[in-house]
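Q: Here it is, the structure, as C-alpha cells.
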Amino acid sequence: MRQESSDPPKASTESAGGRRRGRPSVIDTEAIAEAAFRLWSRQGYADTSWNDLAEATGISARTLIRHFSVKSAIAWIGVVPATERLRASLSVAPETAPLTDAVRTAIVESISHRPHIQRVGRDWLRLIAGTPELAAMSSEAYRPWITELAVYIGRRVPEVPAAIARALATAYQAAAFAALTEWAEEGAHGDPADAVDAMLRWMDIVPRSSARPA
C-alpha cells in the first residue's frame, strides 16, 4: 500500500540527513524507511542491528528505538497512512455504487503514485517477500486496514455476519498485497495501482439477496 505518510513528522533531536544537537527537529520517516530497506536488501533483515540502522540513517540507535521500539515497526511504517487513505476513499464512496466497485476503488486509491514512494515500495515488497519473519507479521500489521474495510462491508451489507465481512476484507488485503508483490518481483514496471486494480477485478462480492437462485 502507499508508503507515504500523512502524519506530522515525529519530533527528534536528529534528522535522517545527519545527527544534530540542540532544539528538537523532525525525523524523516520516509528517508529512514528507504535507508533501512536498502540496507536490509544488502545485509538481510535478521543480520542488521540497530547500530547498523543508525549508521545507515544518520540517526542514533537510541533515537530510532525510542520512535520505533522494534525493527519491524520500520518495515510496516506505511500501513497507518494507507489505512487513512482507504478510510477517506470509502467515506466518500456513493451509496449507489456497487459494493465491489467501491471497495476496489478505495483499495486502488490507497496505492501511491509518487515515483519516490513507488521506488521505496518496490524495495519494501521485495524485503517482505524474502523475509519470512516479516511476511508472518502481515496479518497483524494490516489489522487496522482490514478492520476498516470489514466495517465498511458490514455497513453496506448489514445481513453479512461480522466474521464473514472480516474474511472478505482479509481476502482483499491478501489479493492486493499479492498484486503488489508480483509487480515488484517482475521489475516494478508501470503503476502498481494498475496491478492492484487488475487483480481485484477478478473478485466480486455478491450479497445473498442479489444472487440469482441456482
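So you can find residues: chains in the C-alpha cells are A, B, ... in the order shown, residues in each start at 1, and ligands are numbered from 1 in order.
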For stretch 65-74 of chain A, work out the shell of residues within 9 Å, counting only C-alpha atoms and skipping chain neighbours fewer than 2 positions away, then give it as a PDB file with C-alpha atoms, in the first residue's frame.
A:
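Printed below is out_14.pdb as written:
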ATOM      1  CA  LYS A  10       7.937  12.860  14.645  1.00  0.00           C
ATOM      2  CA  SER A  12      13.592  14.323  17.373  1.00  0.00           C
ATOM      3  CA  THR A  29      10.256   8.573   8.346  1.00  0.00           C
ATOM      4  CA  ILE A  32      14.543   6.243   7.396  1.00  0.00           C
ATOM      5  CA  ALA A  33      12.424   3.577   5.735  1.00  0.00           C
ATOM      6  CA  ALA A  36      16.513   0.683   6.109  1.00  0.00           C
ATOM      7  CA  PHE A  37      15.062  -1.151   3.097  1.00  0.00           C
ATOM      8  CA  TYR A  45      16.832  -8.138   7.971  1.00  0.00           C
ATOM      9  CA  SER A  49      21.459  -4.401  14.122  1.00  0.00           C
ATOM     10  CA  TRP A  50      20.146  -1.109  15.461  1.00  0.00           C
ATOM     11  CA  SER A  60      21.338   7.301  16.693  1.00  0.00           C
ATOM     12  CA  ALA A  61      20.193   3.830  17.642  1.00  0.00           C
ATOM     13  CA  ARG A  62      18.755   5.252  20.841  1.00  0.00           C
ATOM     14  CA  THR A  63      16.549   7.682  18.907  1.00  0.00           C
ATOM     15  CA  TRP A  76       5.412  -1.699   8.282  1.00  0.00           C
ATOM     16  CA  ILE A  77       5.591   2.079   8.596  1.00  0.00           C
ATOM     17  CA  GLY A  78       3.301   2.661   5.613  1.00  0.00           C
ATOM     18  CA  LEU A 134       8.232 -10.065   8.290  1.00  0.00           C
ATOM     19  CA  MET A 137       3.557 -10.305  10.534  1.00  0.00           C
ATOM     20  CA  ALA A 141       0.341  -5.344  10.660  1.00  0.00           C
TER      21      ALA A 141
END
Q: According to DSSP computed on the backbone, where in stretch 23-188 of chain A is there alpha helix (DSSP H)? Give the residues as an NGL selection string.
A: :A and (29-43 or 50-57 or 61-68 or 71-75 or 79-91 or 99-109 or 115-130 or 132-135 or 138-141 or 143-156 or 162-185)
Q: Would you please work out which residue, of A:Val157, A:Leu86, A:Leu180, A:Ile59, is nearest to A:Ala129 when using only C-alpha atoms?
A: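 Of A:Val157, A:Leu86, A:Leu180, A:Ile59, the one nearest A:Ala129 is A:Leu180, counting only C-alpha atoms.
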Q: Please identify all polymer residues within 12 Å of A:Val92, counting only C-alpha atoms, omitting same-chain residues fewer than 6 positions from it, and present them as a PyMOL selection string.
A: chain A and resi 85-86+102-103+105-106+152
Q: Tell me which protein, DNA and RNA residues are within 7 Å of stretch 170-179 of chain A, counting only C-alpha atoms, leaving out same-chain ones fewer than 6 positions away, and put them as an mmCIF file with N, CA and C atoms, in the first residue's frame.
A:
data_model
loop_
_atom_site.group_PDB
_atom_site.id
_atom_site.type_symbol
_atom_site.label_atom_id
_atom_site.label_comp_id
_atom_site.auth_asym_id
_atom_site.auth_seq_id
_atom_site.Cartn_x
_atom_site.Cartn_y
_atom_site.Cartn_z
ATOM 1 N N ILE A 146 -7.629 -3.965 7.562
ATOM 2 C CA ILE A 146 -8.657 -4.999 7.385
ATOM 3 C C ILE A 146 -9.920 -4.636 8.159
ATOM 4 N N ALA A 195 -1.700 -2.638 -11.258
ATOM 5 C CA ALA A 195 -1.564 -4.073 -10.965
ATOM 6 C C ALA A 195 -2.599 -4.512 -9.940
ATOM 7 N N VAL A 196 -2.826 -3.675 -8.947
ATOM 8 C CA VAL A 196 -3.822 -3.994 -7.925
ATOM 9 C C VAL A 196 -5.217 -3.974 -8.525
ATOM 10 N N MET A 199 -5.855 -7.112 -10.495
ATOM 11 C CA MET A 199 -6.051 -8.266 -9.616
ATOM 12 C C MET A 199 -7.449 -8.256 -9.002
ATOM 13 N N LEU A 200 -7.869 -7.110 -8.502
ATOM 14 C CA LEU A 200 -9.140 -7.040 -7.785
ATOM 15 C C LEU A 200 -10.345 -7.174 -8.702
#
Q: Using atom CA of A:Ala167 and atom CA of A:Glu186 as the two end points, give the distance in Å to one decimal.
A: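 Taking atom CA of A:Ala167 and atom CA of A:Glu186, their separation equals 28.4 Å.
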Q: Report, in Å to a single decimal, how far apart atom CA of A:Pro161 and atom CA of A:Val206 are.
A: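 Separation between atom CA of A:Val206 and atom CA of A:Pro161: 14.1 Å.
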Q: Distance atom CA of A:Ser89-atom CA of A:Val151, one decimal place?
A: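 About the pair atom CA of A:Ser89 and atom CA of A:Val151: they are 13.7 Å apart.
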Q: Could you give me, as a ChimeraX atom specification, the residues within 12 Å of A:Leu125, counting only C-alpha atoms and dropping anything in the same chain fewer than 2 positions from it?
A: /A:1-3,34,37-38,40-41,75-76,78,117-123,127-131,134-135,138,176-188,192
Q: For A:Thr57, find every residue with an atom within 7 Å (counting only C-alpha atoms), except residues of its own chain fewer than 2 positions away, and show them as an MDAnalysis selection string.
A: chainID A and resid 16 32 35 53:55 59
Q: Would you write out those residues with all heavy atoms, as a PDB file, in the first residue's frame?
A:
ATOM      1  N   ALA A  16      17.267  12.494   9.346  1.00  0.00           N
ATOM      2  CA  ALA A  16      17.847  11.383   8.607  1.00  0.00           C
ATOM      3  C   ALA A  16      19.073  11.805   7.812  1.00  0.00           C
ATOM      4  O   ALA A  16      19.838  10.975   7.358  1.00  0.00           O
ATOM      5  CB  ALA A  16      16.806  10.776   7.660  1.00  0.00           C
ATOM      6  N   ILE A  32      14.113   7.344   6.528  1.00  0.00           N
ATOM      7  CA  ILE A  32      14.543   6.243   7.396  1.00  0.00           C
ATOM      8  C   ILE A  32      14.143   4.914   6.782  1.00  0.00           C
ATOM      9  O   ILE A  32      14.939   3.966   6.719  1.00  0.00           O
ATOM     10  CB  ILE A  32      13.934   6.398   8.798  1.00  0.00           C
ATOM     11  CG1 ILE A  32      14.580   7.576   9.533  1.00  0.00           C
ATOM     12  CG2 ILE A  32      14.106   5.115   9.616  1.00  0.00           C
ATOM     13  CD1 ILE A  32      13.907   7.919  10.842  1.00  0.00           C
ATOM     14  N   ALA A  35      16.290   4.091   3.675  1.00  0.00           N
ATOM     15  CA  ALA A  35      17.640   3.679   4.054  1.00  0.00           C
ATOM     16  C   ALA A  35      17.623   2.274   4.658  1.00  0.00           C
ATOM     17  O   ALA A  35      18.502   1.451   4.384  1.00  0.00           O
ATOM     18  CB  ALA A  35      18.237   4.680   5.044  1.00  0.00           C
ATOM     19  N   LEU A  53      21.516   0.223  11.487  1.00  0.00           N
ATOM     20  CA  LEU A  53      20.476   1.145  11.023  1.00  0.00           C
ATOM     21  C   LEU A  53      20.844   2.585  11.352  1.00  0.00           C
ATOM     22  O   LEU A  53      20.593   3.499  10.557  1.00  0.00           O
ATOM     23  CB  LEU A  53      19.134   0.783  11.662  1.00  0.00           C
ATOM     24  CG  LEU A  53      18.463  -0.489  11.141  1.00  0.00           C
ATOM     25  CD1 LEU A  53      17.284  -0.870  12.027  1.00  0.00           C
ATOM     26  CD2 LEU A  53      18.001  -0.305   9.701  1.00  0.00           C
ATOM     27  N   ALA A  54      21.445   2.784  12.511  1.00  0.00           N
ATOM     28  CA  ALA A  54      21.869   4.125  12.898  1.00  0.00           C
ATOM     29  C   ALA A  54      22.897   4.669  11.916  1.00  0.00           C
ATOM     30  O   ALA A  54      22.837   5.832  11.493  1.00  0.00           O
ATOM     31  CB  ALA A  54      22.432   4.110  14.314  1.00  0.00           C
ATOM     32  N   GLU A  55      23.845   3.831  11.538  1.00  0.00           N
ATOM     33  CA  GLU A  55      24.871   4.259  10.592  1.00  0.00           C
ATOM     34  C   GLU A  55      24.268   4.564   9.228  1.00  0.00           C
ATOM     35  O   GLU A  55      24.660   5.533   8.567  1.00  0.00           O
ATOM     36  CB  GLU A  55      25.938   3.177  10.470  1.00  0.00           C
ATOM     37  CG  GLU A  55      27.105   3.565   9.574  1.00  0.00           C
ATOM     38  CD  GLU A  55      28.194   2.517   9.537  1.00  0.00           C
ATOM     39  OE1 GLU A  55      28.122   1.552  10.326  1.00  0.00           O
ATOM     40  OE2 GLU A  55      29.122   2.663   8.722  1.00  0.00           O
ATOM     41  N   ILE A  59      20.932   8.534  12.202  1.00  0.00           N
ATOM     42  CA  ILE A  59      20.175   8.793  13.432  1.00  0.00           C
ATOM     43  C   ILE A  59      20.620   7.777  14.467  1.00  0.00           C
ATOM     44  O   ILE A  59      20.776   6.593  14.164  1.00  0.00           O
ATOM     45  CB  ILE A  59      18.658   8.690  13.175  1.00  0.00           C
ATOM     46  CG1 ILE A  59      18.240   9.764  12.171  1.00  0.00           C
ATOM     47  CG2 ILE A  59      17.870   8.829  14.463  1.00  0.00           C
ATOM     48  CD1 ILE A  59      16.792   9.678  11.761  1.00  0.00           C
TER      49      ILE A  59
END
Q: Compare A:Ala193, A:Leu39, A:Ile205, A:Ala198 by their minimum atom-to-atom distance to A:Ile164, counting only C-alpha atoms, and give me the closest one.
A: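 Answer, going by the shortest atom-to-atom distance: A:Ile205.
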